[in-house]
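Trainee: coords07.pdb (PDB, C-alpha atoms) pasted underneath:
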ATOM      1  CA  MET H   1     -29.017  22.230   9.751
ATOM      2  CA  GLU H   2     -25.268  22.589  10.068
ATOM      3  CA  ILE H   3     -23.227  19.782   8.511
ATOM      4  CA  ILE H   4     -19.618  18.846   7.739
ATOM      5  CA  LEU H   5     -19.004  17.882   4.115
ATOM      6  CA  LEU H   6     -17.162  14.602   3.562
ATOM      7  CA  GLU H   7     -16.537  15.353  -0.137
ATOM      8  CA  HIS H   8     -16.592  18.273  -2.550
ATOM      9  CA  ILE H   9     -20.150  19.146  -3.598
ATOM     10  CA  ASP H  10     -20.799  21.692  -6.343
ATOM     11  CA  LYS H  11     -22.398  24.967  -5.257
ATOM     12  CA  LEU H  12     -22.146  23.923  -1.614
ATOM     13  CA  GLY H  13     -18.527  23.572  -0.534
ATOM     14  CA  LYS H  14     -15.339  21.565  -0.334
ATOM     15  CA  MET H  15     -14.510  18.599   1.866
ATOM     16  CA  GLY H  16     -14.222  19.486   5.552
ATOM     17  CA  GLU H  17     -16.225  22.705   5.406
ATOM     18  CA  LYS H  18     -19.066  23.361   7.816
ATOM     19  CA  VAL H  19     -22.090  24.561   5.905
ATOM     20  CA  THR H  20     -25.710  25.224   6.687
ATOM     21  CA  VAL H  21     -28.292  23.552   4.462
ATOM     22  CA  LYS H  22     -32.017  22.982   4.595
ATOM     23  CA  ASP H  23     -33.016  20.138   6.897
ATOM     24  CA  GLY H  24     -34.692  18.086   4.146
ATOM     25  CA  TYR H  25     -31.651  18.264   1.843
ATOM     26  CA  ALA H  26     -29.430  17.041   4.658
ATOM     27  CA  ARG H  27     -31.780  14.313   5.927
ATOM     28  CA  ASN H  28     -32.915  13.015   2.549
ATOM     29  CA  TYR H  29     -29.746  13.261   0.453
ATOM     30  CA  LEU H  30     -26.482  14.280   2.104
ATOM     31  CA  LEU H  31     -26.624  12.139   5.251
ATOM     32  CA  PRO H  32     -27.975   8.886   3.700
ATOM     33  CA  SER H  33     -25.497   9.049   0.813
ATOM     34  CA  LYS H  34     -22.656   9.605   3.310
ATOM     35  CA  LYS H  35     -21.623  12.889   1.731
ATOM     36  CA  ALA H  36     -21.902  14.737   5.048
ATOM     37  CA  LEU H  37     -22.142  14.425   8.831
ATOM     38  CA  ARG H  38     -24.140  16.484  11.314
ATOM     39  CA  ALA H  39     -21.880  19.133  12.830
ATOM     40  CA  THR H  40     -21.895  17.839  16.414
ATOM     41  CA  ALA H  41     -18.844  17.879  18.670
ATOM     42  CA  ALA H  42     -18.468  14.094  18.392
ATOM     43  CA  ASN H  43     -18.709  14.165  14.585
ATOM     44  CA  VAL H  44     -16.193  17.030  14.344
ATOM     45  CA  ALA H  45     -13.724  14.958  16.369
ATOM     46  CA  TYR H  46     -14.484  11.883  14.230
ATOM     47  CA  PHE H  47     -13.933  13.894  11.044
ATOM     48  CA  GLU H  48     -10.569  15.204  12.274
ATOM     49  CA  LYS H  49      -9.433  11.598  12.914
ATOM     50  CA  GLN H  50     -10.632  10.392   9.520
ATOM     51  CA  LYS H  51      -9.585  13.474   7.537
ATOM     52  CA  ALA H  52      -6.338  12.008   6.144
ATOM     53  CA  GLU H  53      -8.094   8.816   5.071
ATOM     54  CA  LEU H  54     -10.940  10.756   3.408
ATOM     55  CA  GLU H  55      -8.473  13.041   1.601
ATOM     56  CA  ALA H  56      -6.526  10.026   0.311
ATOM     57  CA  HIS H  57      -9.754   8.399  -0.903
ATOM     58  CA  ASN H  58     -10.839  11.625  -2.616
ATOM     59  CA  LYS H  59      -7.406  12.018  -4.223
ATOM     60  CA  GLY H  60      -7.655   8.480  -5.619
ATOM     61  CA  LEU H  61     -11.086   9.248  -7.098
ATOM     62  CA  LEU H  62      -9.718  12.469  -8.591
ATOM     63  CA  GLU H  63      -6.780  10.683 -10.229
ATOM     64  CA  THR H  64      -9.103   8.033 -11.667
ATOM     65  CA  ALA H  65     -11.382  10.727 -13.057
ATOM     66  CA  LYS H  66      -8.444  12.613 -14.595
ATOM     67  CA  SER H  67      -7.166   9.491 -16.352
ATOM     68  CA  LYS H  68     -10.675   8.687 -17.620
ATOM     69  CA  ALA H  69     -11.016  12.292 -18.866
ATOM     70  CA  GLU H  70      -7.713  12.000 -20.699
ATOM     71  CA  SER H  71      -8.832   8.797 -22.431
ATOM     72  CA  LEU H  72     -12.150  10.446 -23.420
ATOM     73  CA  LYS H  73     -10.416  13.476 -24.959
ATOM     74  CA  GLY H  74     -11.669  13.975 -28.521
ATOM     75  CA  PHE H  75     -14.276  11.194 -28.190
ATOM     76  CA  THR H  76     -16.982  11.304 -30.872
ATOM     77  CA  ALA H  77     -19.822   8.815 -31.128
ATOM     78  CA  VAL H  78     -22.439   8.356 -33.828
ATOM     79  CA  LEU H  79     -26.067   7.824 -32.886
ATOM     80  CA  ILE H  80     -28.399   6.706 -35.688
ATOM     81  CA  ARG H  81     -31.988   7.906 -35.304
ATOM     82  CA  GLN H  82     -35.017   8.282 -37.521
ATOM     83  CA  ALA H  83     -35.872  11.865 -38.437
ATOM     84  CA  ALA H  84     -38.129  13.928 -40.670
ATOM     85  CA  GLU H  85     -36.858  15.655 -43.813
ATOM     86  CA  THR H  86     -36.614  18.881 -41.790
ATOM     87  CA  GLY H  87     -34.034  17.251 -39.523
ATOM     88  CA  GLN H  88     -36.303  16.948 -36.513
ATOM     89  CA  LEU H  89     -36.037  13.618 -34.705
ATOM     90  CA  TYR H  90     -38.963  11.265 -34.146
ATOM     91  CA  GLY H  91     -38.392  11.265 -30.397
ATOM     92  CA  SER H  92     -35.281  12.629 -28.724
ATOM     93  CA  VAL H  93     -31.799  11.759 -27.522
ATOM     94  CA  THR H  94     -31.629  11.795 -23.716
ATOM     95  CA  ILE H  95     -29.005  11.475 -21.005
ATOM     96  CA  ARG H  96     -29.668   7.732 -20.853
ATOM     97  CA  ASP H  97     -28.997   7.325 -24.592
ATOM     98  CA  ILE H  98     -25.707   9.216 -24.351
ATOM     99  CA  ALA H  99     -24.567   7.290 -21.263
ATOM    100  CA  ASP H 100     -25.370   3.971 -22.987
ATOM    101  CA  LEU H 101     -23.514   5.107 -26.119
ATOM    102  CA  VAL H 102     -20.365   6.012 -24.157
ATOM    103  CA  LYS H 103     -20.597   2.750 -22.180
ATOM    104  CA  SER H 104     -20.892   0.698 -25.364
ATOM    105  CA  SER H 105     -17.667   2.336 -26.560
ATOM    106  CA  GLY H 106     -15.834   0.849 -23.578
ATOM    107  CA  PHE H 107     -15.840   3.720 -21.058
ATOM    108  CA  GLU H 108     -17.412   3.414 -17.628
ATOM    109  CA  VAL H 109     -19.824   6.364 -17.275
ATOM    110  CA  GLU H 110     -22.959   6.692 -15.166
ATOM    111  CA  ARG H 111     -26.102   8.525 -16.242
ATOM    112  CA  ARG H 112     -25.751  11.120 -13.487
ATOM    113  CA  GLN H 113     -22.363  12.125 -14.913
ATOM    114  CA  VAL H 114     -23.833  13.238 -18.260
ATOM    115  CA  GLN H 115     -24.626  16.966 -18.292
ATOM    116  CA  LEU H 116     -27.320  17.829 -20.842
ATOM    117  CA  ASP H 117     -29.495  20.931 -20.455
ATOM    118  CA  LYS H 118     -32.335  19.612 -22.588
ATOM    119  CA  PRO H 119     -32.934  16.541 -24.763
ATOM    120  CA  ILE H 120     -31.542  16.622 -28.307
ATOM    121  CA  LYS H 121     -34.399  16.843 -30.814
ATOM    122  CA  ASP H 122     -32.620  17.620 -34.108
ATOM    123  CA  LEU H 123     -29.963  16.033 -36.301
ATOM    124  CA  GLY H 124     -26.417  17.375 -35.921
ATOM    125  CA  ILE H 125     -23.273  17.219 -33.839
ATOM    126  CA  TYR H 126     -23.640  18.161 -30.179
ATOM    127  CA  GLU H 127     -21.084  18.854 -27.482
ATOM    128  CA  VAL H 128     -21.968  17.085 -24.235
ATOM    129  CA  SER H 129     -20.181  17.511 -20.896
ATOM    130  CA  LEU H 130     -19.354  14.549 -18.690
ATOM    131  CA  ARG H 131     -18.803  15.426 -15.041
ATOM    132  CA  LEU H 132     -16.517  12.589 -13.976
ATOM    133  CA  HIS H 133     -15.682  14.163 -10.586
ATOM    134  CA  PRO H 134     -16.734  17.460  -8.990
ATOM    135  CA  GLU H 135     -13.394  18.872 -10.148
ATOM    136  CA  VAL H 136     -13.073  17.063 -13.528
ATOM    137  CA  THR H 137     -15.268  17.681 -16.584
ATOM    138  CA  GLN H 138     -14.674  16.322 -20.085
ATOM    139  CA  ARG H 139     -16.474  17.255 -23.303
ATOM    140  CA  VAL H 140     -17.463  14.611 -25.823
ATOM    141  CA  TYR H 141     -19.258  14.932 -29.157
ATOM    142  CA  VAL H 142     -22.423  13.106 -30.167
ATOM    143  CA  ASN H 143     -23.177  12.942 -33.891
ATOM    144  CA  VAL H 144     -26.925  12.370 -34.381
ATOM    145  CA  ALA H 145     -27.710  11.290 -37.945
ATOM    146  CA  ARG H 146     -30.140   9.193 -40.018
ATOM    147  CA  THR H 147     -27.460   7.022 -41.654
ATOM    148  CA  GLU H 148     -23.729   6.341 -41.415
ATOM    149  CA  ASP H 149     -23.145   8.273 -44.656
ATOM    150  CA  GLU H 150     -24.981  11.298 -43.314
ATOM    151  CA  ALA H 151     -22.942  11.063 -40.103
ATOM    152  CA  ARG H 152     -19.693  11.157 -42.116
ATOM    153  CA  LYS H 153     -20.917  14.200 -44.093
ATOM    154  CA  GLN H 154     -21.870  15.997 -40.865
ATOM    155  CA  GLU H 155     -18.483  15.204 -39.349
ATOM    156  CA  LYS H 156     -16.629  16.549 -42.414
ATOM    157  CA  ALA H 157     -18.644  19.769 -42.304
ATOM    158  CA  PHE H 158     -18.104  20.043 -38.541
ATOM    159  CA  ASN H 159     -14.312  19.576 -38.830
ATOM    160  CA  LYS H 160     -14.050  22.292 -41.505
ATOM    161  CA  GLU H 161     -15.510  24.872 -39.086
TER     162      GLU H 161
END
Translate the structure of the given file into structure tokens.
Mentor:
Amino acid sequence: MEIILLEHIDKLGKMGEKVTVKDGYARNYLLPSKKALRATAANVAYFEKQKAELEAHNKGLLETAKSKAESLKGFTAVLIRQAAETGQLYGSVTIRDIADLVKSSGFEVERRQVQLDKPIKDLGIYEVSLRLHPEVTQRVYVNVARTEDEARKQEKAFNKE
């Protein structure tokens, strides 16, 4: 199905581009979430009329994301978890845990913005990417430790490197 993108979507295209995607992806995700329109003559004309408004909206979202990224620069949070003597956690730290941790620190972040390849299963300091906008990514650090003292020791060792 050929569609017109209403916003920048990673690995697909930028706003205003006509792209061809699988029918199910368009019907089940892009069209209902208002990220795209079917590429009909009427919709192309509609998009051309609304283009300036959409660009202004996208620019506002981009500026908001940039300011949030700037405020998150150098952010480190401590997460206390139970672990074995070998350093392996009883359970794991997931995207939800990290999003809740950042939220509790006063920053507005959604779970879908946290980029984590696999759950964290060991003690240590981890670098986690937050995708605040398709064009803005910020790295934050999550210090997973058993106690506050251990977290401080890990942070000292991490800063020496």
Trainee: Quick check on the file I pasted: which residues fall under the PyMOL selection byres ((chain H and resi 122-127) around 9)? Write them as a PyMOL selection string.
Mentor: chain H and resi 78+81+83+86-90+92-93+120-121+128-129+139-146+151+154-155+158
Trainee: Between CA of Arg38 in chain H and CA of Asp23 in chain H, measure the distance and give it in Å to one decimal.
Mentor: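 Straight-line distance from CA of Arg38 in chain H to CA of Asp23 in chain H works out to 10.6 Å.
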Trainee: Run the PyMOL selection byres ((chain H and resi 61) around 12) mentally over the shown coordinates, then write out the matched residues as a PDB file with C-alpha atoms, keeping the file's coordinate frame, using the chain letters and numbers from the document.
Mentor:
ATOM      1  CA  GLU H   7     -16.537  15.353  -0.137  1.00  0.00           C
ATOM      2  CA  HIS H   8     -16.592  18.273  -2.550  1.00  0.00           C
ATOM      3  CA  LEU H  54     -10.940  10.756   3.408  1.00  0.00           C
ATOM      4  CA  GLU H  55      -8.473  13.041   1.601  1.00  0.00           C
ATOM      5  CA  ALA H  56      -6.526  10.026   0.311  1.00  0.00           C
ATOM      6  CA  HIS H  57      -9.754   8.399  -0.903  1.00  0.00           C
ATOM      7  CA  ASN H  58     -10.839  11.625  -2.616  1.00  0.00           C
ATOM      8  CA  LYS H  59      -7.406  12.018  -4.223  1.00  0.00           C
ATOM      9  CA  GLY H  60      -7.655   8.480  -5.619  1.00  0.00           C
ATOM     10  CA  LEU H  62      -9.718  12.469  -8.591  1.00  0.00           C
ATOM     11  CA  GLU H  63      -6.780  10.683 -10.229  1.00  0.00           C
ATOM     12  CA  THR H  64      -9.103   8.033 -11.667  1.00  0.00           C
ATOM     13  CA  ALA H  65     -11.382  10.727 -13.057  1.00  0.00           C
ATOM     14  CA  LYS H  66      -8.444  12.613 -14.595  1.00  0.00           C
ATOM     15  CA  SER H  67      -7.166   9.491 -16.352  1.00  0.00           C
ATOM     16  CA  LYS H  68     -10.675   8.687 -17.620  1.00  0.00           C
ATOM     17  CA  LEU H 132     -16.517  12.589 -13.976  1.00  0.00           C
ATOM     18  CA  HIS H 133     -15.682  14.163 -10.586  1.00  0.00           C
ATOM     19  CA  PRO H 134     -16.734  17.460  -8.990  1.00  0.00           C
ATOM     20  CA  GLU H 135     -13.394  18.872 -10.148  1.00  0.00           C
ATOM     21  CA  VAL H 136     -13.073  17.063 -13.528  1.00  0.00           C
TER      22      VAL H 136
END
Trainee: Calculate how many Å separate CA of Glu70 in chain H from CA of Gln138 in chain H, rounding to one decimal.
Mentor: 8.2 Å
Trainee: CA of Ile9 in chain H and CA of Asp97 in chain H, how far apart in Å?
Mentor: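 We find that CA of Asp97 in chain H and CA of Ile9 in chain H lie 25.7 Å from each other.
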Trainee: Which residues are close to range 25-28 of chain H, i.e. within 12 Å by only C-alpha atoms, leaving aside same-chain residues fewer than 6 positions away? Reply as a VMD selection string.
Mentor: chain H and resid 1 to 5 12 19 34 to 39
Trainee: Could you take the residues named above and write them with C-alpha atoms, as a compact mmCIF listing (two decimals), keeping the file's coordinate frame?
Mentor:
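Output (again27.txt):
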# COMPACT_ATOMS: atom_id res chain seq x y z
CA MET H 1 -29.02 22.23 9.75
CA GLU H 2 -25.27 22.59 10.07
CA ILE H 3 -23.23 19.78 8.51
CA ILE H 4 -19.62 18.85 7.74
CA LEU H 5 -19.00 17.88 4.12
CA LEU H 12 -22.15 23.92 -1.61
CA VAL H 19 -22.09 24.56 5.90
CA LYS H 34 -22.66 9.60 3.31
CA LYS H 35 -21.62 12.89 1.73
CA ALA H 36 -21.90 14.74 5.05
CA LEU H 37 -22.14 14.42 8.83
CA ARG H 38 -24.14 16.48 11.31
CA ALA H 39 -21.88 19.13 12.83
Trainee: Out of H:Met15, H:Asn159, H:Lys22, H:Ile98, which residue has the shortest atom-to-atom distance to Ala52 in chain H when counting only C-alpha atoms?
Mentor: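 Nearest candidate to Ala52 in chain H out of H:Met15, H:Asn159, H:Lys22, H:Ile98: H:Met15.
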Trainee: Of the candidates H:Gln115, H:Phe47, H:Asp100, H:Ile80, which one gets nearest to Thr147 in chain H if we count all atoms listed in the file?
Mentor: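 Comparing H:Gln115, H:Phe47, H:Asp100, H:Ile80 against Thr147 in chain H, the winner is H:Ile80.
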Trainee: Name the closest residue to Lys51 in chain H among the candidates H:Tyr29, H:Ala157, H:Gly16, H:Glu148; distances are taken between atoms, counting only C-alpha atoms.
Mentor: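 Closest residue, counting only C-alpha atoms: H:Gly16.
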Trainee: Looking at H:Leu31, H:Val21, H:Leu72, H:Ala45, which one is nearest to Val102 in chain H, with distances taken over only C-alpha atoms?
Mentor: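 Closest to Val102 in chain H, using only C-alpha atoms: H:Leu72.
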Trainee: Which residue, H:Thr40, H:Ser33, H:Gln50, H:Ser71, has the smallest gap to Phe107 in chain H when you use all atoms listed in the file?
Mentor: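 Distance minimum relative to Phe107 in chain H lands on H:Ser71.
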Trainee: May I have the residues within 10 Å of Arg96 in chain H as a PDB file with C-alpha atoms, in the frame of the given file, using only C-alpha atoms and disregarding those fewer than 4 positions away in the same chain?
Mentor:
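Everything below was put into selection_1.pdb:
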ATOM      1  CA  ASP H 100     -25.370   3.971 -22.987  1.00  0.00           C
ATOM      2  CA  LEU H 101     -23.514   5.107 -26.119  1.00  0.00           C
ATOM      3  CA  GLU H 110     -22.959   6.692 -15.166  1.00  0.00           C
ATOM      4  CA  ARG H 111     -26.102   8.525 -16.242  1.00  0.00           C
ATOM      5  CA  ARG H 112     -25.751  11.120 -13.487  1.00  0.00           C
ATOM      6  CA  VAL H 114     -23.833  13.238 -18.260  1.00  0.00           C
TER       7      VAL H 114
END
Trainee: Let me make sure I understand: among H:Glu17, H:Glu150, H:Ala77, H:Glu85, which one has the smallest atom-to-atom distance to Lys103 in chain H if we use all atoms listed in the file?
Mentor: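 The shortest atom-to-atom distance to Lys103 in chain H comes from H:Ala77.
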